[in-house]
file structure10.cif (mmCIF, C-alpha atoms)
data_run
#
loop_
_atom_site.label_atom_id
_atom_site.label_comp_id
_atom_site.auth_asym_id
_atom_site.auth_seq_id
_atom_site.Cartn_x
_atom_site.Cartn_y
_atom_site.Cartn_z
CA MET A 1 -9.95 -64.90 77.49
CA ARG A 2 -12.45 -67.54 76.48
CA ALA A 3 -16.10 -67.30 77.50
CA ARG A 4 -17.00 -69.12 80.71
CA ARG A 5 -20.18 -70.34 82.23
CA ALA A 6 -21.66 -68.20 84.98
CA GLY A 7 -24.26 -69.63 87.34
CA PRO A 8 -27.03 -71.80 85.90
CA GLY A 9 -27.11 -70.11 82.49
CA LEU A 10 -24.82 -68.95 79.77
CA PHE A 11 -23.85 -65.42 78.93
CA PHE A 12 -22.25 -63.30 76.25
CA PRO A 13 -19.16 -61.51 77.56
CA CYS A 14 -19.94 -58.65 75.19
CA ILE A 15 -23.26 -57.99 76.92
CA VAL A 16 -22.13 -58.24 80.53
CA GLN A 17 -20.93 -54.69 80.92
CA ARG A 18 -21.91 -51.57 82.81
CA GLY A 19 -23.62 -49.99 79.82
CA CYS A 20 -26.16 -52.81 79.50
CA ARG A 21 -28.97 -51.50 81.71
CA ASN A 22 -31.83 -53.55 80.27
CA ILE A 23 -32.77 -56.26 77.82
CA LEU A 24 -32.80 -53.89 74.85
CA ASP A 25 -29.23 -52.82 75.63
CA ARG A 26 -28.16 -56.45 75.69
CA ILE A 27 -29.84 -57.27 72.41
CA GLN A 28 -28.32 -54.20 70.75
CA SER A 29 -24.88 -55.15 72.03
CA ILE A 30 -25.19 -58.58 70.39
CA GLU A 31 -26.22 -56.90 67.13
CA LYS A 32 -23.20 -54.61 67.34
CA ALA A 33 -20.82 -57.47 68.10
CA PHE A 34 -22.05 -59.41 65.05
CA ARG A 35 -21.80 -56.31 62.86
CA GLU A 36 -18.19 -55.86 63.94
CA GLN A 37 -17.56 -59.40 62.68
CA GLY A 38 -19.07 -58.49 59.30
CA TYR A 39 -22.42 -60.24 59.88
CA ILE A 40 -25.59 -58.16 59.49
CA ALA A 41 -27.94 -59.63 62.09
CA ASP A 42 -31.54 -58.47 62.25
CA ARG A 43 -33.63 -58.23 65.41
CA PRO A 44 -35.20 -61.74 65.30
CA LEU A 45 -31.72 -63.30 65.11
CA VAL A 46 -30.12 -61.27 67.89
CA THR A 47 -33.18 -61.79 70.09
CA ALA A 48 -32.95 -65.54 69.49
CA LEU A 49 -29.26 -65.49 70.42
CA HIS A 50 -30.07 -63.59 73.60
CA LEU A 51 -32.63 -66.27 74.47
CA VAL A 52 -30.12 -69.02 73.71
CA SER A 53 -27.82 -67.48 76.31
CA THR A 54 -30.62 -66.89 78.79
CA LEU A 55 -32.53 -70.16 78.48
CA GLY A 56 -29.66 -72.44 77.50
CA LYS A 57 -31.69 -73.97 74.66
CA PRO A 58 -30.40 -74.99 71.21
CA LEU A 59 -31.21 -72.77 68.23
CA LEU A 60 -32.59 -74.43 65.09
CA VAL A 61 -32.02 -72.25 62.04
CA GLU A 62 -33.78 -73.05 58.76
CA GLY A 63 -33.76 -71.28 55.43
CA PRO A 64 -32.61 -71.60 51.82
CA ALA A 65 -29.04 -72.63 51.09
CA GLY A 66 -26.50 -69.82 51.15
CA VAL A 67 -28.30 -67.31 53.38
CA GLY A 68 -25.76 -67.44 56.23
CA LYS A 69 -27.12 -70.10 58.59
CA THR A 70 -23.77 -71.80 59.20
CA GLU A 71 -22.05 -68.45 59.52
CA ILE A 72 -24.16 -67.66 62.60
CA ALA A 73 -22.33 -70.30 64.63
CA LYS A 74 -18.92 -69.24 63.32
CA VAL A 75 -19.52 -65.58 64.17
CA LEU A 76 -21.01 -66.52 67.54
CA ALA A 77 -17.82 -68.39 68.43
CA ALA A 78 -15.74 -65.39 67.37
CA VAL A 79 -17.90 -62.99 69.39
CA LEU A 80 -17.64 -65.18 72.47
CA ASP A 81 -13.95 -65.83 71.87
CA THR A 82 -14.57 -69.53 72.31
CA ARG A 83 -14.04 -72.71 70.35
CA LEU A 84 -16.26 -73.80 67.46
CA VAL A 85 -17.00 -77.53 67.30
CA ARG A 86 -18.67 -78.57 64.04
CA LEU A 87 -20.59 -81.75 63.28
CA GLN A 88 -21.31 -81.95 59.55
CA CYS A 89 -24.32 -84.19 59.04
CA TYR A 90 -24.80 -86.49 56.06
CA GLU A 91 -26.82 -89.53 55.07
CA GLY A 92 -25.57 -92.56 56.96
CA LEU A 93 -23.98 -90.61 59.82
CA ASP A 94 -23.84 -92.93 62.83
CA VAL A 95 -23.46 -92.47 66.56
CA HIS A 96 -19.81 -93.50 66.73
CA THR A 97 -18.75 -91.05 64.03
CA ALA A 98 -20.54 -88.23 65.86
CA LEU A 99 -19.73 -89.19 69.45
CA TYR A 100 -16.60 -91.30 70.02
CA GLU A 101 -14.57 -94.25 68.82
CA TRP A 102 -11.73 -96.25 70.29
CA ASN A 103 -8.34 -95.90 68.60
CA TYR A 104 -8.08 -99.51 67.47
CA PRO A 105 -4.63 -99.31 65.80
CA LYS A 106 -3.17 -97.64 68.90
CA GLN A 107 -4.78 -100.27 71.13
CA MET A 108 -3.32 -103.12 69.06
CA LEU A 109 0.13 -101.52 69.11
CA HIS A 110 -0.05 -101.11 72.88
CA ILE A 111 -1.04 -104.77 73.30
CA ARG A 112 1.94 -105.92 71.23
CA LEU A 113 4.37 -103.66 73.09
CA THR A 114 3.19 -104.87 76.51
CA GLU A 115 2.93 -108.58 75.76
CA ASN A 116 5.88 -109.36 78.04
CA SER A 117 5.18 -106.71 80.66
CA GLY A 118 3.80 -109.17 83.17
CA ALA A 119 0.49 -107.27 83.44
CA THR A 120 -2.69 -109.30 83.79
CA VAL A 121 -5.34 -109.40 81.06
CA GLU A 122 -7.60 -107.20 83.20
CA GLU A 123 -4.84 -104.64 83.73
CA ARG A 124 -4.00 -104.48 80.03
CA GLU A 125 -7.69 -104.20 79.12
CA LYS A 126 -8.08 -101.30 81.56
CA GLU A 127 -5.08 -99.57 79.98
CA ILE A 128 -6.35 -99.77 76.40
CA PHE A 129 -9.82 -98.57 77.37
CA SER A 130 -8.54 -95.45 79.09
CA PRO A 131 -9.04 -91.81 77.95
CA SER A 132 -5.69 -91.78 76.11
CA PHE A 133 -7.08 -94.30 73.62
CA LEU A 134 -10.38 -92.51 73.13
CA LEU A 135 -11.06 -90.62 69.90
CA ARG A 136 -13.42 -87.78 70.80
CA ARG A 137 -15.76 -86.91 67.96
CA PRO A 138 -17.63 -83.58 67.79
CA LEU A 139 -20.50 -84.28 70.19
CA LEU A 140 -18.28 -85.68 72.93
CA GLU A 141 -15.71 -82.96 72.31
CA ALA A 142 -18.37 -80.27 72.79
CA ILE A 143 -19.66 -81.58 76.11
CA SER A 144 -16.27 -82.45 77.61
CA ASP A 145 -14.55 -79.07 77.26
CA GLU A 146 -12.99 -78.37 80.65
CA GLU A 147 -12.17 -74.70 80.06
CA ALA A 148 -15.20 -72.98 78.54
CA SER A 149 -18.55 -73.30 76.80
CA PRO A 150 -17.85 -74.00 73.12
CA VAL A 151 -20.22 -73.34 70.24
CA LEU A 152 -21.51 -76.64 68.87
CA LEU A 153 -22.61 -76.37 65.24
CA ILE A 154 -24.73 -79.30 64.03
CA ASP A 155 -24.76 -78.44 60.35
CA GLU A 156 -27.42 -79.63 57.88
CA VAL A 157 -29.11 -81.87 60.44
CA ASP A 158 -31.81 -82.66 57.88
CA ARG A 159 -29.27 -84.77 55.94
CA ALA A 160 -28.95 -87.25 58.83
CA ASP A 161 -31.55 -89.98 59.25
CA GLU A 162 -34.34 -90.18 61.83
CA GLU A 163 -32.47 -92.72 63.96
CA PHE A 164 -29.57 -90.31 64.43
CA GLU A 165 -32.02 -87.50 65.13
CA ALA A 166 -33.50 -89.56 68.00
CA PHE A 167 -30.01 -90.05 69.45
CA LEU A 168 -29.35 -86.34 69.10
CA LEU A 169 -32.42 -85.61 71.22
CA GLU A 170 -30.88 -87.51 74.12
CA ILE A 171 -27.62 -85.58 73.90
CA LEU A 172 -29.36 -82.20 73.69
CA GLY A 173 -31.61 -83.12 76.60
CA GLU A 174 -28.97 -84.15 79.13
CA PHE A 175 -25.62 -83.00 77.71
CA GLN A 176 -24.05 -86.16 79.04
CA VAL A 177 -22.70 -89.38 77.54
CA THR A 178 -22.19 -92.78 79.11
CA ILE A 179 -19.18 -94.73 77.86
CA PRO A 180 -19.33 -98.29 79.26
CA GLU A 181 -15.58 -98.50 79.84
CA LEU A 182 -15.24 -95.02 81.40
CA GLY A 183 -18.58 -94.12 82.94
CA THR A 184 -20.71 -91.01 82.44
CA ILE A 185 -19.23 -87.78 81.11
CA ARG A 186 -21.30 -84.70 81.92
CA ALA A 187 -20.89 -81.25 80.44
CA GLU A 188 -19.10 -79.03 82.92
CA HIS A 189 -19.62 -76.10 80.56
CA LYS A 190 -22.83 -76.48 78.61
CA PRO A 191 -22.24 -75.64 74.92
CA TYR A 192 -24.11 -73.09 72.87
CA VAL A 193 -25.85 -75.24 70.24
CA VAL A 194 -26.80 -74.12 66.73
CA LEU A 195 -28.49 -76.56 64.36
CA THR A 196 -29.00 -75.73 60.69
CA SER A 197 -31.37 -77.27 58.16
CA ASN A 198 -32.03 -76.73 54.47
CA ARG A 199 -35.39 -78.56 54.78
CA THR A 200 -34.42 -81.46 52.51
CA ARG A 201 -36.66 -83.47 54.83
CA GLU A 202 -38.97 -82.63 57.69
CA LEU A 203 -37.39 -82.76 61.13
CA SER A 204 -39.31 -84.43 63.94
CA ASP A 205 -41.66 -82.46 66.17
CA ALA A 206 -39.67 -83.68 69.18
CA LEU A 207 -36.46 -82.05 67.92
CA ARG A 208 -38.29 -78.85 67.00
CA ARG A 209 -39.85 -78.62 70.49
CA ARG A 210 -36.40 -78.98 72.05
CA CYS A 211 -35.11 -75.90 70.21
CA LEU A 212 -35.71 -72.23 69.72
CA TYR A 213 -36.58 -71.68 66.06
CA LEU A 214 -35.41 -69.13 63.51
CA TRP A 215 -36.23 -68.85 59.81
CA ILE A 216 -33.79 -66.90 57.63
CA PRO A 217 -35.17 -65.91 54.21
CA TYR A 218 -33.29 -64.39 51.32
CA PRO A 219 -32.47 -60.77 52.21
CA ASP A 220 -34.30 -57.89 50.61
CA PRO A 221 -32.16 -55.59 48.40
CA GLU A 222 -31.56 -53.06 51.17
CA LYS A 223 -30.23 -55.69 53.57
CA GLU A 224 -28.19 -57.35 50.84
CA VAL A 225 -26.43 -54.04 50.15
CA ARG A 226 -25.57 -53.81 53.84
CA ILE A 227 -24.23 -57.37 53.80
CA LEU A 228 -22.08 -56.71 50.73
CA GLU A 229 -20.65 -53.52 52.23
CA ALA A 230 -19.96 -55.20 55.57
CA ARG A 231 -18.19 -58.19 54.06
CA LEU A 232 -16.48 -56.35 51.20
CA PRO A 233 -15.49 -52.91 52.53
CA GLY A 234 -13.98 -51.82 49.21
CA ILE A 235 -17.10 -52.34 47.11
CA ARG A 236 -18.70 -49.32 45.43
CA ARG A 237 -22.19 -48.47 46.64
CA ARG A 238 -23.58 -48.40 43.08
CA LEU A 239 -22.23 -51.87 42.31
CA ALA A 240 -23.60 -53.25 45.59
CA GLU A 241 -27.04 -51.80 44.84
CA GLN A 242 -27.02 -53.21 41.30
CA ILE A 243 -26.02 -56.65 42.52
CA ALA A 244 -28.75 -56.62 45.17
CA ARG A 245 -31.45 -55.64 42.64
CA VAL A 246 -30.34 -58.26 40.12
CA MET A 247 -30.23 -60.94 42.82
CA ALA A 248 -33.77 -60.05 43.88
CA ARG A 249 -34.88 -60.56 40.27
CA ILE A 250 -33.01 -63.86 39.88
CA ARG A 251 -34.57 -65.27 43.06
CA THR A 252 -38.03 -64.92 41.55
CA MET A 253 -37.04 -67.26 38.70
CA ALA A 254 -37.75 -70.99 38.66
CA LEU A 255 -34.15 -72.16 38.88
CA HIS A 256 -32.81 -75.55 39.95
CA LYS A 257 -30.57 -73.85 42.51
CA VAL A 258 -31.46 -70.32 43.50
CA PRO A 259 -28.31 -68.33 44.38
CA GLY A 260 -28.03 -67.18 47.97
CA VAL A 261 -25.99 -64.55 49.76
CA ALA A 262 -22.89 -66.72 49.40
CA GLU A 263 -23.21 -66.44 45.62
CA SER A 264 -23.83 -62.68 45.88
CA LEU A 265 -20.54 -62.32 47.73
CA ASP A 266 -18.71 -64.53 45.23
CA TRP A 267 -20.13 -62.49 42.36
CA ALA A 268 -19.22 -59.17 43.97
CA GLN A 269 -15.68 -60.37 44.66
CA ALA A 270 -15.30 -61.51 41.05
CA LEU A 271 -16.53 -58.18 39.70
CA MET A 272 -14.18 -56.30 42.02
CA ALA A 273 -11.28 -58.52 40.92
CA LEU A 274 -12.12 -57.62 37.31
CA HIS A 275 -12.20 -53.92 38.27
CA ARG A 276 -15.86 -53.56 37.30
CA GLY A 277 -17.40 -50.63 39.12
CA GLU A 278 -20.91 -51.27 37.79
CA LEU A 279 -22.86 -53.92 35.91
CA ASP A 280 -23.29 -54.09 32.16
CA ARG A 281 -24.19 -56.81 29.69
CA ASP A 282 -20.62 -58.07 29.26
CA SER A 283 -19.74 -58.12 32.96
CA ILE A 284 -22.87 -60.13 33.78
CA ARG A 285 -22.32 -62.61 30.95
CA GLU A 286 -18.66 -63.11 31.84
CA THR A 287 -19.40 -63.85 35.49
CA LEU A 288 -22.53 -66.01 35.27
CA GLY A 289 -20.50 -68.90 36.67
CA CYS A 290 -20.45 -67.18 40.05
CA LEU A 291 -24.24 -67.33 40.22
CA VAL A 292 -25.35 -70.61 38.68
CA LYS A 293 -23.95 -74.14 38.69
CA ASP A 294 -26.36 -75.80 36.27
CA GLN A 295 -26.69 -75.69 32.47
CA GLU A 296 -30.43 -75.00 32.47
CA ASP A 297 -30.03 -72.23 35.05
CA TRP A 298 -27.21 -70.75 32.97
CA GLU A 299 -29.39 -70.70 29.86
CA ALA A 300 -32.30 -69.20 31.81
CA LEU A 301 -30.13 -66.31 33.03
CA GLU A 302 -28.68 -65.78 29.57
CA GLY A 303 -32.23 -65.53 28.26
CA GLU A 304 -33.13 -62.91 30.85
CA LEU A 305 -29.96 -61.02 30.01
CA GLU A 306 -30.74 -61.00 26.29
CA LYS A 307 -34.25 -59.73 26.97
CA GLY A 308 -32.72 -56.88 28.94
CA ASN A 309 -34.52 -57.82 32.15
CA LEU A 310 -31.39 -58.13 34.31
CA LEU A 311 -29.97 -54.85 33.02
CA ARG A 312 -33.26 -53.09 33.63
CA ASP A 313 -33.30 -54.32 37.22
CA ALA A 314 -29.68 -53.29 37.63
CA GLY A 315 -30.62 -49.76 36.57
CA THR A 316 -28.52 -49.71 33.41
CA GLY A 317 -29.37 -50.11 29.79
CA THR A 318 -25.99 -51.18 28.46
#
call {"tool": "encode", "arguments": {"input": "structure10.cif", "output": "structure tokens"}}
result
Amino acid sequence: MRARRAGPGLFFPCIVQRGCRNILDRIQSIEKAFREQGYIADRPLVTALHLVSTLGKPLLVEGPAGVGKTEIAKVLAAVLDTRLVRLQCYEGLDVHTALYEWNYPKQMLHIRLTENSGATVEEREKEIFSPSFLLRRPLLEAISDEEASPVLLIDEVDRADEEFEAFLLEILGEFQVTIPELGTIRAEHKPYVVLTSNRTRELSDALRRRCLYLWIPYPDPEKEVRILEARLPGIRRRLAEQIARVMARIRTMALHKVPGVAESLDWAQALMALHRGELDRDSIRETLGCLVKDQEDWEALEGELEKGNLLRDAGTGT
């Protein structure tokens, strides 16, 4: 059964149960639900998610690329057993692409097919500007769900321009849209909203004030081991620990693109596919392409490998 709105706020089905006697119980139940989905959520994240459900406010998540910001919304939708609606932001994104458009080809076809129907111009115009000709884009889709509260992911909002950000503020404030031909559509089931940003530009203070805020840094080695083991159940503990230590070393380097958790997982999967139970010089050299996507970064890692720094951090001398 999909999650439904209850009263004035939103709730997590997983936390509305007899065993949840207080706030701590609820927060721990969210942490457990995420862990069961393979996502290691720390206390600031699960507390923020609890507040999202309690206060009904959007959650703005910032942090380096590849640390699992987008995954939060995907796992949240899975935990709630509800639909994920994703708006991928980019430079030049406009209101119509994000909100709605009219199906022009379908409208023109309908006009041609009804030319001899005897209907008046007003009647035909009303027909082609009806809901059946409306193309619902992510924002409208999220606020017009008639069954349940979906999770609305507004991904990489920093890539959109300031004009779109101002429009977004209106949507997040009222959760309603006015379409001249159809009237005002209000959210019957207010969506859970997660916005992500890689900080390619500064977001406005107005948008930040509208949201709860969460910063996700690169994980420390201990947490990275837990992430690897949760996402890749077959990985050997020694390999996971070596990967986590090497990644911690790499993230201190001045690279063009510092590898995140996504690259850690790719690297671990590659090593497992090659039946490597632990790191050595050859296995690192052969799989550098999982970690870096730039020539200068590649050469920098090769240099560290030749000096023995990566092997020393991995805890092996071979």
call {"tool": "atom_distance", "arguments": {"input": "structure10.cif", "atom1": "CA of Val258 (chain A)", "atom2": "CA of Asp161 (chain A)"}}
result
25.2 Å
call {"tool": "atom_distance", "arguments": {"input": "structure10.cif", "atom1": "CA of Gly38 (chain A)", "atom2": "CA of Pro221 (chain A)"}}
result
17.3 Å
call {"tool": "atom_distance", "arguments": {"input": "structure10.cif", "atom1": "CA of Ile185 (chain A)", "atom2": "CA of Cys211 (chain A)"}}
result
22.6 Å
call {"tool": "resolve_selection", "arguments": {"input": "structure10.cif", "expression": "the PyMOL selection byres ((chain A and resi 187) around 10)", "output": "number ranges by chain"}}
result
A: 140-146, 149, 174-177, 184-186, 188-191
call {"tool": "write_last_selection", "arguments": {"input": "structure10.cif", "atoms": "C-alpha atoms", "output": "short mmCIF file (atom, residue, chain, number, x, y, z; two decimals), keeping the file's coordinate frame"}}
result
data_model
loop_
_atom_site.label_atom_id
_atom_site.label_comp_id
_atom_site.auth_asym_id
_atom_site.auth_seq_id
_atom_site.Cartn_x
_atom_site.Cartn_y
_atom_site.Cartn_z
CA LEU A 140 -18.28 -85.68 72.93
CA GLU A 141 -15.71 -82.96 72.31
CA ALA A 142 -18.37 -80.27 72.79
CA ILE A 143 -19.66 -81.58 76.11
CA SER A 144 -16.27 -82.45 77.61
CA ASP A 145 -14.55 -79.07 77.26
CA GLU A 146 -12.99 -78.37 80.65
CA SER A 149 -18.55 -73.30 76.80
CA GLU A 174 -28.97 -84.15 79.13
CA PHE A 175 -25.62 -83.00 77.71
CA GLN A 176 -24.05 -86.16 79.04
CA VAL A 177 -22.70 -89.38 77.54
CA THR A 184 -20.71 -91.01 82.44
CA ILE A 185 -19.23 -87.78 81.11
CA ARG A 186 -21.30 -84.70 81.92
CA GLU A 188 -19.10 -79.03 82.92
CA HIS A 189 -19.62 -76.10 80.56
CA LYS A 190 -22.83 -76.48 78.61
CA PRO A 191 -22.24 -75.64 74.92
#
call {"tool": "closest_residue", "arguments": {"input": "structure10.cif", "among": "A:Leu232, A:Ile128, A:Leu152, A:Met253", "to": "Met272 (chain A)", "atoms": "all atoms listed in the file"}}
result
A:Leu232
call {"tool": "resolve_selection", "arguments": {"input": "structure10.cif", "expression": "the PyMOL selection byres ((chain A and resi 78-90) around 9)", "output": "number ranges by chain"}}
result
A: 1-4, 11-14, 30, 33-34, 36-37, 73-77, 91-93, 98, 137-139, 141-142, 148-161
call {"tool": "resolve_selection", "arguments": {"input": "structure10.cif", "expression": "the PyMOL selection byres ((chain A and resi 166) around 12)", "output": "PyMOL selection string"}}
result
chain A and resi 94-95+157+160-165+167-173+203-208+210
call {"tool": "closest_residue", "arguments": {"input": "structure10.cif", "among": "A:Trp298, A:Tyr104, A:Phe129, A:Tyr213", "to": "Leu49 (chain A)", "atoms": "all atoms listed in the file"}}
result
A:Tyr213
call {"tool": "residues_near_point", "arguments": {"input": "structure10.cif", "point": "(-26.9, -60.8, 23.4)", "cutoff": "8 Å", "atoms": "all atoms listed in the file", "output": "PyMOL selection string"}}
result
chain A and resi 281+305-306
call {"tool": "closest_residue", "arguments": {"input": "structure10.cif", "among": "A:Gln269, A:Asn116, A:Thr47, A:Ser264", "to": "Pro219 (chain A)", "atoms": "only C-alpha atoms"}}
result
A:Ser264
call {"tool": "residues_around", "arguments": {"input": "structure10.cif", "residues": "Ala240 (chain A)", "least_positions_apart": "2", "cutoff": "8 Å", "atoms": "all atoms listed in the file", "output": "list of chain:residue names"}}
result
A:Val225, A:Leu228, A:Glu229, A:Ile235, A:Arg236, A:Arg237, A:Arg238, A:Gln242, A:Ile243, A:Ala244, A:Ala268
call {"tool": "residues_around", "arguments": {"input": "structure10.cif", "residues": "Val52 (chain A)", "least_positions_apart": "4", "cutoff": "10 Å", "atoms": "only C-alpha atoms", "output": "list of chain:residue names"}}
result
A:Gly9, A:Leu10, A:Phe11, A:Val46, A:Thr47, A:Ala48, A:Gly56, A:Lys57, A:Pro58, A:Leu59, A:Tyr192, A:Val193, A:Val194, A:Cys211, A:Leu212
call {"tool": "closest_residue", "arguments": {"input": "structure10.cif", "among": "A:Ala270, A:Leu109, A:Ala65, A:Leu310", "to": "Thr287 (chain A)", "atoms": "only C-alpha atoms"}}
result
A:Ala270
call {"tool": "closest_residue", "arguments": {"input": "structure10.cif", "among": "A:Glu127, A:Trp215, A:Thr200, A:Pro64", "to": "Glu181 (chain A)", "atoms": "all atoms listed in the file"}}
result
A:Glu127
call {"tool": "residues_around", "arguments": {"input": "structure10.cif", "residues": "Gly68 (chain A)", "least_positions_apart": "2", "cutoff": "12 Å", "atoms": "only C-alpha atoms", "output": "number ranges by chain"}}
result
A: 38-41, 45, 61-66, 70-75, 155, 196-198, 215-219, 224, 227, 260-265
call {"tool": "residues_around", "arguments": {"input": "structure10.cif", "residues": "Leu288 (chain A)", "least_positions_apart": "6", "cutoff": "9 Å", "atoms": "all atoms listed in the file", "output": "PyMOL selection string"}}
result
chain A and resi 267+298+301-302
call {"tool": "closest_residue", "arguments": {"input": "structure10.cif", "among": "A:Arg136, A:His50, A:Lys293, A:Arg249", "to": "Glu101 (chain A)", "atoms": "only C-alpha atoms"}}
result
A:Arg136
call {"tool": "decode", "arguments": {"input": "structure10.cif", "residues": "region 216-248 of chain A", "atoms": "C-alpha atoms", "output": "compact mmCIF listing (two decimals), in the first residue's frame"}}
result
# COMPACT_ATOMS: atom_id res chain seq x y z
CA ILE A 216 26.74 15.48 3.51
CA PRO A 217 30.55 15.28 3.50
CA TYR A 218 32.71 12.46 2.24
CA PRO A 219 32.40 9.55 4.69
CA ASP A 220 35.21 8.67 7.05
CA PRO A 221 36.83 5.23 6.47
CA GLU A 222 34.70 3.50 9.11
CA LYS A 223 31.44 4.70 7.55
CA GLU A 224 32.67 3.94 4.05
CA VAL A 225 33.33 0.32 5.06
CA ARG A 226 29.76 0.11 6.34
CA ILE A 227 28.46 1.56 3.07
CA LEU A 228 30.46 -0.90 0.98
CA GLU A 229 29.29 -3.86 3.05
CA ALA A 230 25.67 -2.71 2.93
CA ARG A 231 25.62 -2.18 -0.81
CA LEU A 232 27.89 -5.10 -1.75
CA PRO A 233 27.09 -7.94 0.68
CA GLY A 234 29.68 -10.27 -0.86
CA ILE A 235 32.68 -7.99 -0.37
CA ARG A 236 35.49 -9.14 1.93
CA ARG A 237 36.01 -7.03 5.02
CA ARG A 238 39.74 -6.62 4.32
CA LEU A 239 39.10 -5.35 0.79
CA ALA A 240 36.42 -2.94 2.03
CA GLU A 241 38.79 -1.56 4.67
CA GLN A 242 41.62 -1.15 2.14
CA ILE A 243 39.35 0.65 -0.31
CA ALA A 244 38.10 2.99 2.42
CA ARG A 245 41.65 3.89 3.54
CA VAL A 246 42.85 4.48 -0.02
CA MET A 247 39.80 6.63 -0.78
CA ALA A 248 40.48 8.73 2.31
